[in-house]
$ cat model.pdb   # PDB, C-alpha atoms, pLDDT in the B column
ATOM      1  CA  PRO A   1      44.254 -17.935 -60.980  1.00 67.00           C
ATOM      2  CA  VAL A   2      44.723 -15.461 -63.802  1.00 75.00           C
ATOM      3  CA  ALA A   3      46.256 -12.126 -62.848  1.00 79.00           C
ATOM      4  CA  GLY A   4      43.473  -9.551 -62.618  1.00 82.00           C
ATOM      5  CA  GLY A   5      40.784 -12.211 -62.973  1.00 89.00           C
ATOM      6  CA  SER A   6      37.657 -12.861 -60.963  1.00 93.00           C
ATOM      7  CA  TRP A   7      39.558 -14.757 -58.229  1.00 94.00           C
ATOM      8  CA  GLU A   8      41.838 -11.791 -57.507  1.00 95.00           C
ATOM      9  CA  ILE A   9      38.978  -9.296 -57.642  1.00 95.00           C
ATOM     10  CA  ALA A  10      36.723 -11.353 -55.344  1.00 96.00           C
ATOM     11  CA  ARG A  11      39.598 -12.046 -52.946  1.00 95.00           C
ATOM     12  CA  ARG A  12      40.297  -8.308 -52.637  1.00 94.00           C
ATOM     13  CA  LEU A  13      36.600  -7.549 -52.080  1.00 94.00           C
ATOM     14  CA  VAL A  14      36.492 -10.088 -49.234  1.00 95.00           C
ATOM     15  CA  ARG A  15      39.823  -8.928 -47.797  1.00 93.00           C
ATOM     16  CA  ASP A  16      38.599  -5.322 -47.668  1.00 91.00           C
ATOM     17  CA  TYR A  17      35.029  -6.252 -46.558  1.00 91.00           C
ATOM     18  CA  ARG A  18      33.735  -4.364 -49.609  1.00 92.00           C
ATOM     19  CA  TYR A  19      31.071  -6.974 -50.359  1.00 93.00           C
ATOM     20  CA  ALA A  20      29.047  -5.703 -47.380  1.00 93.00           C
ATOM     21  CA  ASP A  21      26.264  -3.302 -48.330  1.00 93.00           C
ATOM     22  CA  PRO A  22      27.251   0.037 -46.740  1.00 93.00           C
ATOM     23  CA  ALA A  23      23.547   0.860 -46.285  1.00 92.00           C
ATOM     24  CA  ILE A  24      23.476  -1.976 -43.718  1.00 93.00           C
ATOM     25  CA  ILE A  25      27.010  -2.194 -42.348  1.00 92.00           C
ATOM     26  CA  ARG A  26      30.382  -0.587 -42.944  1.00 88.00           C
ATOM     27  CA  HIS A  27      33.808  -0.386 -41.390  1.00 82.00           C
ATOM     28  CA  ALA A  28      34.124   2.257 -38.751  1.00 77.00           C
ATOM     29  CA  TYR A  29      37.693   1.198 -38.016  1.00 75.00           C
ATOM     30  CA  ARG A  30      40.048  -1.296 -39.603  1.00 69.00           C
ATOM     31  CA  SER A  31      43.370  -0.759 -41.277  1.00 69.00           C
ATOM     32  CA  GLY A  32      44.630  -3.025 -44.035  1.00 76.00           C
ATOM     33  CA  PRO A  33      44.088  -6.738 -44.562  1.00 86.00           C
ATOM     34  CA  PRO A  34      42.652  -8.905 -41.780  1.00 91.00           C
ATOM     35  CA  VAL A  35      45.213 -10.001 -39.193  1.00 91.00           C
ATOM     36  CA  PRO A  36      44.398 -12.758 -36.676  1.00 94.00           C
ATOM     37  CA  GLY A  37      43.704 -11.224 -33.265  1.00 93.00           C
ATOM     38  CA  GLU A  38      43.058  -7.746 -34.685  1.00 93.00           C
ATOM     39  CA  ASP A  39      39.995  -5.887 -33.411  1.00 93.00           C
ATOM     40  CA  VAL A  40      37.580  -4.398 -35.930  1.00 91.00           C
ATOM     41  CA  LEU A  41      34.808  -1.882 -35.383  1.00 93.00           C
ATOM     42  CA  LEU A  42      31.774  -1.955 -37.665  1.00 92.00           C
ATOM     43  CA  GLN A  43      28.933   0.518 -37.878  1.00 93.00           C
ATOM     44  CA  ALA A  44      25.508  -1.072 -38.434  1.00 92.00           C
ATOM     45  CA  ARG A  45      22.678   1.082 -39.767  1.00 91.00           C
ATOM     46  CA  PHE A  46      18.992   0.548 -39.256  1.00 88.00           C
ATOM     47  CA  TYR A  47      16.383   3.194 -40.150  1.00 86.00           C
ATOM     48  CA  GLY A  48      18.571   6.132 -39.187  1.00 86.00           C
ATOM     49  CA  LEU A  49      20.007   4.461 -36.093  1.00 88.00           C
ATOM     50  CA  ARG A  50      23.683   3.541 -35.858  1.00 92.00           C
ATOM     51  CA  PHE A  51      25.171   0.781 -33.752  1.00 92.00           C
ATOM     52  CA  TYR A  52      28.901   0.251 -33.259  1.00 93.00           C
ATOM     53  CA  LEU A  53      29.835  -3.416 -33.169  1.00 93.00           C
ATOM     54  CA  GLY A  54      33.175  -4.817 -32.032  1.00 94.00           C
ATOM     55  CA  LEU A  55      34.715  -7.882 -33.659  1.00 94.00           C
ATOM     56  CA  ARG A  56      37.967  -9.790 -33.467  1.00 95.00           C
ATOM     57  CA  VAL A  57      39.568 -11.394 -36.517  1.00 95.00           C
ATOM     58  CA  GLY A  58      39.964 -15.131 -35.978  1.00 96.00           C
ATOM     59  CA  ASP A  59      41.578 -17.108 -38.775  1.00 95.00           C
ATOM     60  CA  VAL A  60      42.839 -16.046 -42.169  1.00 96.00           C
ATOM     61  CA  ILE A  61      42.716 -18.959 -44.621  1.00 96.00           C
ATOM     62  CA  ASP A  62      44.877 -19.281 -47.731  1.00 96.00           C
ATOM     63  CA  THR A  63      45.080 -22.883 -48.868  1.00 97.00           C
ATOM     64  CA  VAL A  64      44.479 -25.439 -51.588  1.00 97.00           C
ATOM     65  CA  THR A  65      42.455 -28.434 -50.485  1.00 96.00           C
ATOM     66  CA  ASP A  66      40.400 -31.336 -51.789  1.00 96.00           C
ATOM     67  CA  GLN A  67      36.637 -31.165 -51.545  1.00 92.00           C
ATOM     68  CA  ASP A  68      34.502 -34.011 -52.885  1.00 92.00           C
ATOM     69  CA  GLY A  69      37.485 -35.238 -54.924  1.00 94.00           C
ATOM     70  CA  ARG A  70      38.127 -31.829 -56.503  1.00 96.00           C
ATOM     71  CA  ARG A  71      40.962 -29.362 -55.862  1.00 97.00           C
ATOM     72  CA  VAL A  72      39.883 -25.943 -54.661  1.00 97.00           C
ATOM     73  CA  LYS A  73      41.870 -22.856 -53.717  1.00 97.00           C
ATOM     74  CA  VAL A  74      40.318 -21.121 -50.704  1.00 97.00           C
ATOM     75  CA  TRP A  75      41.020 -17.656 -49.325  1.00 97.00           C
ATOM     76  CA  GLY A  76      39.049 -15.977 -46.586  1.00 97.00           C
ATOM     77  CA  TRP A  77      38.835 -14.931 -42.990  1.00 96.00           C
ATOM     78  CA  ASN A  78      36.461 -15.030 -40.062  1.00 96.00           C
ATOM     79  CA  TYR A  79      35.584 -12.848 -37.160  1.00 95.00           C
ATOM     80  CA  ARG A  80      33.972 -13.345 -33.798  1.00 96.00           C
ATOM     81  CA  THR A  81      31.815 -10.827 -31.983  1.00 95.00           C
ATOM     82  CA  LEU A  82      33.112  -9.018 -28.904  1.00 95.00           C
ATOM     83  CA  GLN A  83      31.302  -7.997 -25.742  1.00 92.00           C
ATOM     84  CA  GLY A  84      28.878  -5.161 -26.445  1.00 89.00           C
ATOM     85  CA  HIS A  85      27.911  -6.525 -29.865  1.00 91.00           C
ATOM     86  CA  LEU A  86      24.200  -7.180 -30.455  1.00 92.00           C
ATOM     87  CA  GLU A  87      25.010 -10.830 -31.249  1.00 94.00           C
ATOM     88  CA  ARG A  88      27.314 -13.575 -30.044  1.00 95.00           C
ATOM     89  CA  GLY A  89      28.773 -15.577 -32.890  1.00 96.00           C
ATOM     90  CA  GLN A  90      31.123 -15.884 -35.800  1.00 97.00           C
ATOM     91  CA  MET A  91      31.044 -15.176 -39.522  1.00 96.00           C
ATOM     92  CA  ASN A  92      33.325 -16.778 -42.113  1.00 97.00           C
ATOM     93  CA  GLN A  93      33.714 -15.263 -45.563  1.00 96.00           C
ATOM     94  CA  GLU A  94      35.577 -17.175 -48.269  1.00 97.00           C
ATOM     95  CA  VAL A  95      36.338 -17.077 -51.957  1.00 97.00           C
ATOM     96  CA  ARG A  96      36.816 -20.461 -53.622  1.00 96.00           C
ATOM     97  CA  LYS A  97      38.349 -21.210 -57.001  1.00 96.00           C
ATOM     98  CA  TRP A  98      37.740 -24.683 -58.365  1.00 96.00           C
ATOM     99  CA  LEU A  99      40.955 -25.638 -60.087  1.00 95.00           C
ATOM    100  CA  ASP A 100      39.342 -28.130 -62.492  1.00 95.00           C
ATOM    101  CA  THR A 101      36.770 -25.713 -63.952  1.00 94.00           C
ATOM    102  CA  GLY A 102      38.041 -22.254 -62.971  1.00 93.00           C
ATOM    103  CA  ASP A 103      34.715 -21.404 -61.326  1.00 95.00           C
ATOM    104  CA  VAL A 104      34.937 -18.840 -58.530  1.00 96.00           C
ATOM    105  CA  GLU A 105      32.447 -18.847 -55.650  1.00 96.00           C
ATOM    106  CA  PHE A 106      31.790 -16.627 -52.662  1.00 96.00           C
ATOM    107  CA  HIS A 107      30.621 -18.230 -49.413  1.00 96.00           C
ATOM    108  CA  ILE A 108      29.384 -16.778 -46.140  1.00 96.00           C
ATOM    109  CA  ARG A 109      28.872 -19.078 -43.179  1.00 96.00           C
ATOM    110  CA  ALA A 110      27.581 -17.535 -39.983  1.00 94.00           C
ATOM    111  CA  TYR A 111      26.136 -18.560 -36.680  1.00 94.00           C
ATOM    112  CA  SER A 112      24.909 -16.299 -33.934  1.00 92.00           C
ATOM    113  CA  GLN A 113      22.493 -15.759 -31.115  1.00 92.00           C
ATOM    114  CA  ARG A 114      21.250 -12.604 -29.482  1.00 91.00           C
ATOM    115  CA  ALA A 115      23.697 -11.190 -26.960  1.00 92.00           C
ATOM    116  CA  PRO A 116      22.515  -9.572 -23.729  1.00 92.00           C
ATOM    117  CA  ILE A 117      21.165  -6.151 -24.765  1.00 92.00           C
ATOM    118  CA  PRO A 118      20.620  -3.868 -21.774  1.00 91.00           C
ATOM    119  CA  ASN A 119      18.488  -1.276 -23.588  1.00 91.00           C
ATOM    120  CA  PRO A 120      14.903  -2.666 -23.706  1.00 93.00           C
ATOM    121  CA  LEU A 121      13.991  -0.740 -26.865  1.00 90.00           C
ATOM    122  CA  VAL A 122      17.074  -1.999 -28.733  1.00 90.00           C
ATOM    123  CA  ARG A 123      16.439  -5.522 -27.387  1.00 90.00           C
ATOM    124  CA  LEU A 124      12.842  -5.448 -28.681  1.00 93.00           C
ATOM    125  CA  GLY A 125      14.033  -4.086 -32.035  1.00 90.00           C
ATOM    126  CA  TYR A 126      16.534  -6.911 -32.313  1.00 90.00           C
ATOM    127  CA  VAL A 127      13.890  -9.537 -31.474  1.00 92.00           C
ATOM    128  CA  LEU A 128      11.538  -8.101 -34.113  1.00 93.00           C
ATOM    129  CA  PHE A 129      14.007  -7.276 -36.882  1.00 93.00           C
ATOM    130  CA  GLY A 130      17.348  -8.972 -36.149  1.00 89.00           C
ATOM    131  CA  ARG A 131      16.875 -12.095 -38.265  1.00 92.00           C
ATOM    132  CA  LEU A 132      15.345 -10.141 -41.147  1.00 93.00           C
ATOM    133  CA  VAL A 133      18.358  -7.808 -41.197  1.00 92.00           C
ATOM    134  CA  GLN A 134      20.763 -10.782 -41.072  1.00 93.00           C
ATOM    135  CA  LEU A 135      19.077 -12.407 -44.081  1.00 94.00           C
ATOM    136  CA  ARG A 136      19.000  -9.105 -45.977  1.00 94.00           C
ATOM    137  CA  PHE A 137      22.720  -8.624 -45.248  1.00 94.00           C
ATOM    138  CA  HIS A 138      23.558 -12.086 -46.638  1.00 95.00           C
ATOM    139  CA  ARG A 139      21.415 -11.687 -49.771  1.00 95.00           C
ATOM    140  CA  ARG A 140      22.815  -8.238 -50.526  1.00 96.00           C
ATOM    141  CA  ALA A 141      26.394  -9.336 -49.798  1.00 96.00           C
ATOM    142  CA  CYS A 142      26.158 -12.123 -52.368  1.00 95.00           C
ATOM    143  CA  ARG A 143      24.490  -9.862 -54.932  1.00 96.00           C
ATOM    144  CA  ARG A 144      27.008  -7.065 -54.303  1.00 96.00           C
ATOM    145  CA  MET A 145      29.953  -9.464 -54.630  1.00 96.00           C
ATOM    146  CA  ASP A 146      28.652 -10.589 -58.032  1.00 96.00           C
ATOM    147  CA  VAL A 147      27.951  -7.039 -59.242  1.00 96.00           C
ATOM    148  CA  LEU A 148      31.307  -5.597 -58.102  1.00 96.00           C
ATOM    149  CA  THR A 149      33.305  -8.517 -59.507  1.00 95.00           C
ATOM    150  CA  ARG A 150      31.546  -8.404 -62.883  1.00 94.00           C
ATOM    151  CA  ALA A 151      31.829  -4.614 -63.091  1.00 95.00           C
ATOM    152  CA  GLU A 152      35.578  -4.724 -62.547  1.00 93.00           C
ATOM    153  CA  LEU A 153      36.014  -7.562 -65.056  1.00 92.00           C
ATOM    154  CA  ASP A 154      33.927  -5.658 -67.633  1.00 91.00           C
ATOM    155  CA  ALA A 155      35.942  -2.466 -67.066  1.00 89.00           C
ATOM    156  CA  ARG A 156      39.190  -4.367 -67.666  1.00 81.00           C
ATOM    157  CA  GLN A 157      37.894  -5.854 -70.922  1.00 79.00           C
ATOM    158  CA  ARG A 158      36.706  -2.565 -72.454  1.00 72.00           C
ATOM    159  CA  PRO A 159      38.953  -0.995 -75.099  1.00 67.00           C
ATOM    160  CA  GLY A 160      41.599   1.027 -73.305  1.00 61.00           C
ATOM    161  CA  GLY A 161      41.020  -0.853 -70.049  1.00 54.00           C
ATOM    162  CA  ASN A 162      43.461  -3.234 -68.406  1.00 51.00           C
ATOM    163  CA  ARG A 163      43.175  -6.826 -69.621  1.00 44.00           C
TER
END
$ encode --input "model.pdb" --output "structure tokens"
Amino acid sequence: PVAGGSWEIARRLVRDYRYADPAIIRHAYRSGPPVPGEDVLLQARFYGLRFYLGLRVGDVIDTVTDQDGRRVKVWGWNYRTLQGHLERGQMNQEVRKWLDTGDVEFHIRAYSQRAPIPNPLVRLGYVLFGRLVQLRFHRRACRRMDVLTRAELDARQRPGGNR
């Protein structure tokens, strides 16, 4: 990967969870890069309501591997939900750089199910809107990752910017 290139930018955005749309979800507490076993607190937002969601960092991945006969550099991390979260599950976020072409990709892989939600109004809201919000989060995360990466690359290539 080229210093200051799209791989480094995307990797930093994933490391800092900046690809997440802050209108949907943002960090309420986390310090520094993800560390396996570290607890993270997110704040989810939905039509003026705020929900605090606990997570635990699982694995941090930094490797070069073969995939379909091609070499790919992979960096990312995952988290698992903690008790009190609206869901039970895990989300993996990765940046991949294909070493044969230089292409950089962002991947989210998630699985979840509704956790026990004691509040009947919140439970009903989750049943009605939970999946829609999940899909919106994923679409916006991918779009935001592209926009933020391109914006930083463009800023570095402007006259007077860092190359």
$ residues_near_point --input "model.pdb" --point "(30.1, -4.2, -42.0)" --cutoff "7 Å" --atoms "only C-alpha atoms" --output "PyMOL selection string"
chain A and resi 20+22+25-27+42-44
$ resolve_selection --input "model.pdb" --expression "the PyMOL selection byres ((chain A and resi 11) around 10)" --output "VMD selection string"
chain A and resid 6 to 10 12 to 17 74 to 76 93 to 96 104 106 149
$ write_last_selection --input "model.pdb" --atoms "C-alpha atoms" --output "PDB file, in the coordinates of the input"
ATOM      1  CA  SER A   6      37.657 -12.861 -60.963  1.00 93.00           C
ATOM      2  CA  TRP A   7      39.558 -14.757 -58.229  1.00 94.00           C
ATOM      3  CA  GLU A   8      41.838 -11.791 -57.507  1.00 95.00           C
ATOM      4  CA  ILE A   9      38.978  -9.296 -57.642  1.00 95.00           C
ATOM      5  CA  ALA A  10      36.723 -11.353 -55.344  1.00 96.00           C
ATOM      6  CA  ARG A  12      40.297  -8.308 -52.637  1.00 94.00           C
ATOM      7  CA  LEU A  13      36.600  -7.549 -52.080  1.00 94.00           C
ATOM      8  CA  VAL A  14      36.492 -10.088 -49.234  1.00 95.00           C
ATOM      9  CA  ARG A  15      39.823  -8.928 -47.797  1.00 93.00           C
ATOM     10  CA  ASP A  16      38.599  -5.322 -47.668  1.00 91.00           C
ATOM     11  CA  TYR A  17      35.029  -6.252 -46.558  1.00 91.00           C
ATOM     12  CA  VAL A  74      40.318 -21.121 -50.704  1.00 97.00           C
ATOM     13  CA  TRP A  75      41.020 -17.656 -49.325  1.00 97.00           C
ATOM     14  CA  GLY A  76      39.049 -15.977 -46.586  1.00 97.00           C
ATOM     15  CA  GLN A  93      33.714 -15.263 -45.563  1.00 96.00           C
ATOM     16  CA  GLU A  94      35.577 -17.175 -48.269  1.00 97.00           C
ATOM     17  CA  VAL A  95      36.338 -17.077 -51.957  1.00 97.00           C
ATOM     18  CA  ARG A  96      36.816 -20.461 -53.622  1.00 96.00           C
ATOM     19  CA  VAL A 104      34.937 -18.840 -58.530  1.00 96.00           C
ATOM     20  CA  PHE A 106      31.790 -16.627 -52.662  1.00 96.00           C
ATOM     21  CA  THR A 149      33.305  -8.517 -59.507  1.00 95.00           C
TER      22      THR A 149
END
$ resolve_selection --input "model.pdb" --expression "the PyMOL selection byres ((chain A and resi 98) around 10)" --output "PyMOL selection string"
chain A and resi 1+64-67+70-74+96-97+99-105
$ residues_around --input "model.pdb" --residues "stretch 132-139 of chain A" --least-positions-apart "6" --cutoff "8 Å" --atoms "all atoms listed in the file" --output "JSON, numbers by chain"
{"A": [20, 21, 24, 108]}
$ write_last_selection --input "model.pdb" --atoms "C-alpha atoms" --output "mmCIF file, in the coordinates of the input"
data_model
loop_
_atom_site.group_PDB
_atom_site.id
_atom_site.type_symbol
_atom_site.label_atom_id
_atom_site.label_comp_id
_atom_site.auth_asym_id
_atom_site.auth_seq_id
_atom_site.Cartn_x
_atom_site.Cartn_y
_atom_site.Cartn_z
ATOM 1 C CA ALA A 20 29.047 -5.703 -47.380
ATOM 2 C CA ASP A 21 26.264 -3.302 -48.330
ATOM 3 C CA ILE A 24 23.476 -1.976 -43.718
ATOM 4 C CA ILE A 108 29.384 -16.778 -46.140
#
$ resolve_selection --input "model.pdb" --expression "the PyMOL selection byres ((chain A and resi 40) around 7)" --output "tab-separated table (two decimals) with C-alpha atoms, in the frame of the given file"
chain	number	residue	atom	x	y	z
A	29	TYR	CA	37.69	1.20	-38.02
A	30	ARG	CA	40.05	-1.30	-39.60
A	38	GLU	CA	43.06	-7.75	-34.68
A	39	ASP	CA	39.99	-5.89	-33.41
A	41	LEU	CA	34.81	-1.88	-35.38
A	42	LEU	CA	31.77	-1.96	-37.66
A	54	GLY	CA	33.17	-4.82	-32.03
A	55	LEU	CA	34.72	-7.88	-33.66
A	56	ARG	CA	37.97	-9.79	-33.47
$ atom_distance --input "model.pdb" --atom1 "atom CA of A:Arg131" --atom2 "atom CA of A:Pro34"
26.2 Å
$ closest_residue --input "model.pdb" --among "A:Arg45, A:Arg80, A:Arg140, A:His85" --to "A:Arg123" --atoms "only C-alpha atoms"
A:His85
$ atom_distance --input "model.pdb" --atom1 "atom CA of A:Arg143" --atom2 "atom CA of A:Leu82"
27.4 Å
$ closest_residue --input "model.pdb" --among "A:Val60, A:Arg18, A:Tyr79, A:Val2" --to "A:Ala141" --atoms "all atoms listed in the file"
A:Arg18
$ residues_around --input "model.pdb" --residues "A:Asn78" --least-positions-apart "6" --cutoff "8 Å" --atoms "only C-alpha atoms" --output "list of chain:residue names"
A:Val57, A:Gly58, A:Asp59, A:Val60, A:Gln90, A:Met91, A:Asn92, A:Gln93
$ atom_distance --input "model.pdb" --atom1 "atom CA of A:Asn119" --atom2 "atom CA of A:Tyr52"
14.3 Å
$ closest_residue --input "model.pdb" --among "A:Val127, A:Ala115, A:Phe51, A:Arg158" --to "A:Gln83" --atoms "all atoms listed in the file"
A:Ala115
$ closest_residue --input "model.pdb" --among "A:Ala28, A:Met145, A:Ile61, A:Ala3" --to "A:Trp77" --atoms "only C-alpha atoms"
A:Ile61
$ decode --input "model.pdb" --residues "stretch 34-45 of chain A" --atoms "all heavy atoms" --output "PDB file, in the first residue's frame"
ATOM      1  N   PRO A  34      -9.139  -0.347  18.186  1.00  0.00           N
ATOM      2  CA  PRO A  34      -9.802  -1.487  18.827  1.00  0.00           C
ATOM      3  C   PRO A  34      -8.786  -2.456  19.430  1.00  0.00           C
ATOM      4  O   PRO A  34      -7.766  -2.753  18.831  1.00  0.00           O
ATOM      5  CB  PRO A  34     -10.576  -2.141  17.680  1.00  0.00           C
ATOM      6  CG  PRO A  34      -9.918  -1.664  16.438  1.00  0.00           C
ATOM      7  CD  PRO A  34      -9.322  -0.336  16.744  1.00  0.00           C
ATOM      8  N   VAL A  35      -9.090  -2.918  20.628  1.00  0.00           N
ATOM      9  CA  VAL A  35      -8.241  -3.867  21.347  1.00  0.00           C
ATOM     10  C   VAL A  35      -9.117  -5.058  21.730  1.00  0.00           C
ATOM     11  O   VAL A  35     -10.171  -4.864  22.333  1.00  0.00           O
ATOM     12  CB  VAL A  35      -7.647  -3.219  22.612  1.00  0.00           C
ATOM     13  CG1 VAL A  35      -6.846  -4.225  23.430  1.00  0.00           C
ATOM     14  CG2 VAL A  35      -6.794  -2.014  22.255  1.00  0.00           C
ATOM     15  N   PRO A  36      -8.705  -6.281  21.354  1.00  0.00           N
ATOM     16  CA  PRO A  36      -9.520  -7.448  21.711  1.00  0.00           C
ATOM     17  C   PRO A  36      -9.864  -7.466  23.202  1.00  0.00           C
ATOM     18  O   PRO A  36      -9.011  -7.222  24.053  1.00  0.00           O
ATOM     19  CB  PRO A  36      -8.631  -8.637  21.327  1.00  0.00           C
ATOM     20  CG  PRO A  36      -7.776  -8.098  20.217  1.00  0.00           C
ATOM     21  CD  PRO A  36      -7.504  -6.659  20.610  1.00  0.00           C
ATOM     22  N   GLY A  37     -11.149  -7.702  23.487  1.00  0.00           N
ATOM     23  CA  GLY A  37     -11.628  -7.748  24.863  1.00  0.00           C
ATOM     24  C   GLY A  37     -12.083  -6.405  25.406  1.00  0.00           C
ATOM     25  O   GLY A  37     -12.696  -6.345  26.470  1.00  0.00           O
ATOM     26  N   GLU A  38     -11.809  -5.329  24.697  1.00  0.00           N
ATOM     27  CA  GLU A  38     -12.197  -3.989  25.139  1.00  0.00           C
ATOM     28  C   GLU A  38     -13.711  -3.804  24.974  1.00  0.00           C
ATOM     29  O   GLU A  38     -14.304  -4.235  23.988  1.00  0.00           O
ATOM     30  CB  GLU A  38     -11.457  -2.955  24.281  1.00  0.00           C
ATOM     31  CG  GLU A  38     -11.900  -1.524  24.500  1.00  0.00           C
ATOM     32  CD  GLU A  38     -11.261  -0.574  23.508  1.00  0.00           C
ATOM     33  OE1 GLU A  38     -11.404  -0.789  22.293  1.00  0.00           O
ATOM     34  OE2 GLU A  38     -10.620   0.387  23.965  1.00  0.00           O
ATOM     35  N   ASP A  39     -14.325  -3.148  25.936  1.00  0.00           N
ATOM     36  CA  ASP A  39     -15.744  -2.812  25.837  1.00  0.00           C
ATOM     37  C   ASP A  39     -15.905  -1.457  25.167  1.00  0.00           C
ATOM     38  O   ASP A  39     -15.088  -0.549  25.374  1.00  0.00           O
ATOM     39  CB  ASP A  39     -16.399  -2.786  27.216  1.00  0.00           C
ATOM     40  CG  ASP A  39     -16.521  -4.180  27.816  1.00  0.00           C
ATOM     41  OD1 ASP A  39     -16.386  -5.166  27.059  1.00  0.00           O
ATOM     42  OD2 ASP A  39     -16.751  -4.279  29.030  1.00  0.00           O
ATOM     43  N   VAL A  40     -16.956  -1.339  24.373  1.00  0.00           N
ATOM     44  CA  VAL A  40     -17.252  -0.132  23.614  1.00  0.00           C
ATOM     45  C   VAL A  40     -18.709   0.226  23.885  1.00  0.00           C
ATOM     46  O   VAL A  40     -19.557  -0.655  23.979  1.00  0.00           O
ATOM     47  CB  VAL A  40     -17.050  -0.386  22.101  1.00  0.00           C
ATOM     48  CG1 VAL A  40     -17.432   0.825  21.277  1.00  0.00           C
ATOM     49  CG2 VAL A  40     -15.621  -0.818  21.795  1.00  0.00           C
ATOM     50  N   LEU A  41     -18.991   1.501  23.999  1.00  0.00           N
ATOM     51  CA  LEU A  41     -20.360   1.955  24.161  1.00  0.00           C
ATOM     52  C   LEU A  41     -20.727   2.816  22.962  1.00  0.00           C
ATOM     53  O   LEU A  41     -20.033   3.793  22.651  1.00  0.00           O
ATOM     54  CB  LEU A  41     -20.513   2.762  25.455  1.00  0.00           C
ATOM     55  CG  LEU A  41     -21.928   3.208  25.802  1.00  0.00           C
ATOM     56  CD1 LEU A  41     -22.832   1.990  26.054  1.00  0.00           C
ATOM     57  CD2 LEU A  41     -21.900   4.111  27.031  1.00  0.00           C
ATOM     58  N   LEU A  42     -21.798   2.428  22.275  1.00  0.00           N
ATOM     59  CA  LEU A  42     -22.302   3.199  21.145  1.00  0.00           C
ATOM     60  C   LEU A  42     -23.610   3.861  21.541  1.00  0.00           C
ATOM     61  O   LEU A  42     -24.326   3.376  22.411  1.00  0.00           O
ATOM     62  CB  LEU A  42     -22.558   2.291  19.936  1.00  0.00           C
ATOM     63  CG  LEU A  42     -21.368   1.553  19.351  1.00  0.00           C
ATOM     64  CD1 LEU A  42     -21.828   0.686  18.184  1.00  0.00           C
ATOM     65  CD2 LEU A  42     -20.281   2.509  18.912  1.00  0.00           C
ATOM     66  N   GLN A  43     -23.909   4.968  20.864  1.00  0.00           N
ATOM     67  CA  GLN A  43     -25.187   5.627  21.044  1.00  0.00           C
ATOM     68  C   GLN A  43     -25.936   5.532  19.711  1.00  0.00           C
ATOM     69  O   GLN A  43     -25.481   6.062  18.700  1.00  0.00           O
ATOM     70  CB  GLN A  43     -24.994   7.092  21.413  1.00  0.00           C
ATOM     71  CG  GLN A  43     -26.291   7.840  21.618  1.00  0.00           C
ATOM     72  CD  GLN A  43     -26.063   9.320  21.730  1.00  0.00           C
ATOM     73  OE1 GLN A  43     -25.822   9.986  20.734  1.00  0.00           O
ATOM     74  NE2 GLN A  43     -26.135   9.837  22.952  1.00  0.00           N
ATOM     75  N   ALA A  44     -27.060   4.823  19.707  1.00  0.00           N
ATOM     76  CA  ALA A  44     -27.906   4.728  18.520  1.00  0.00           C
ATOM     77  C   ALA A  44     -28.970   5.814  18.602  1.00  0.00           C
ATOM     78  O   ALA A  44     -29.470   6.131  19.689  1.00  0.00           O
ATOM     79  CB  ALA A  44     -28.549   3.356  18.439  1.00  0.00           C
ATOM     80  N   ARG A  45     -29.328   6.358  17.438  1.00  0.00           N
ATOM     81  CA  ARG A  45     -30.325   7.429  17.388  1.00  0.00           C
ATOM     82  C   ARG A  45     -31.457   7.013  16.458  1.00  0.00           C
ATOM     83  O   ARG A  45     -31.211   6.495  15.373  1.00  0.00           O
ATOM     84  CB  ARG A  45     -29.682   8.702  16.858  1.00  0.00           C
ATOM     85  CG  ARG A  45     -28.612   9.205  17.779  1.00  0.00           C
ATOM     86  CD  ARG A  45     -27.699  10.190  17.094  1.00  0.00           C
ATOM     87  NE  ARG A  45     -26.905  10.824  18.095  1.00  0.00           N
ATOM     88  CZ  ARG A  45     -26.874  12.133  18.303  1.00  0.00           C
ATOM     89  NH1 ARG A  45     -27.561  12.948  17.560  1.00  0.00           N
ATOM     90  NH2 ARG A  45     -26.131  12.616  19.264  1.00  0.00           N
TER      91      ARG A  45
END
